[in-house]
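Notes follow once the structure below has been shown.
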Amino acid sequence: MSTTLHNKPIPALGRLWSMFGTGSWHPSNPTPKLKSDDDDVDSRSPESLTQKPLLPAGSLMGNVSAMIRIIWTFTKNDLFTFSLQCVLFGVALSFAKDARTAPDPPTLKQALSRLPGSCLFQFMSQLLVNLDNQREPASVVEDSINKPWRPIPSGMITPDQTRRLLLCLVPLYLALGYALGVWNIALLIVIAVFIYNDLGGSGELLVRDIVLGISYIIYQMGPLRIALGSGEYRADMAGDLVSPRGYAWAAMSGLLVVTTVPIQDIKDQEGDRQRANRKTMPLIIGDAATRYYLAVTIPFWAVVGTLFWGTPVWYAVPLVAYGLYISWRLLAKRNLVDDEASWRNWTRWQLLAYALPAVSALTE
């Protein structure tokens, strides 16, 4: 494959693209054999000639467009159901007087100037998680049932090419964390991803929940520290910007996620059953028991959060009511389409819960 700019070949870029290999597999095969450029296949054979390259376009802009499409497909399912929540958590908590050690909250100008850094760091964190998680063989099998449009099941990229993307991403991610003053958070996220995916923590029920809870706290602390100006003042080296009450809310939010995240497992039961080591709550205690459990825990955390922040009635009542509505949906609407809708409602409810510190701060 040659890479061109204004119809002129660029050998260096061609060599850069070639590091990602040319393997692919065909999703029409129910149990596909994932091929990579490391497979022992004669490059002149008919089989190798039909393999699809990662960046097949003949122009620089075409290759950039293909890469953006691949990255978007890796991350789109979690951008507004995970990353947005973490960024909002950081921004909202930075305005809470009791959650920071600095006497004054960020000004509007400071909050807006720090927002791009928070979004970029969180997006890179999510991309790291998505690449490492979705390249695992068991994840490919599960996604071929639950999410066949993802890059690997759809044949856009192979697991080995994804691994090589990770090799490029990790040092860039750590460098970004250092530049933004959250290098320790970035390092902890890399470790958490390794434990969850590469050491098989996602397949152990207790380990999975513990790692998920701790990971969510870590993911949220990155945007919070950036929102408080960690990268500007190197305050992470001079002193902690987060107060004990801020850490307490972060721990509570982690528990909130751990105790309510099984709502996403309800809609994924068919694919989860294809993974021999997958142990989710619906598969262990049953679908009905999981629904009743969530019907209690979701409104419970709505009440606890409003009490913790002394939230005004005009915000507390709708938050609790929304939690009760999700509980009703889980019990009354039991099909795949409605389970997907219930999960999306849960992610929106999370946004409202994470905004509690800012609402309380603005109404003081």
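Residue numbering restarts at 1 in every chain; chains get A, B, ... in the order shown in the structure tokens, and ligands count up from 1 in that same order.
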
Please list as a PyMOL selection string every residue within 9 Å of A:Tyr354, counting only C-alpha atoms and excluding residues in the same chain fewer than 5 positions away. chain A and resi 85-86+88-90+92-93+253+305+349

For stretch 203-212 of chain A, please output as an NGL selection string all residues within 10 Å (counting only C-alpha atoms; exclusion window: fewer than 6 positions along the same chain). :A and (192-193 or 195-197 or 218 or 254-255 or 257-259 or 261-262 or 275-281 or 284)

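Between atom CA of A:Ala227 and atom CA of A:Phe95 the interatomic distance comes to 9.3 Å.
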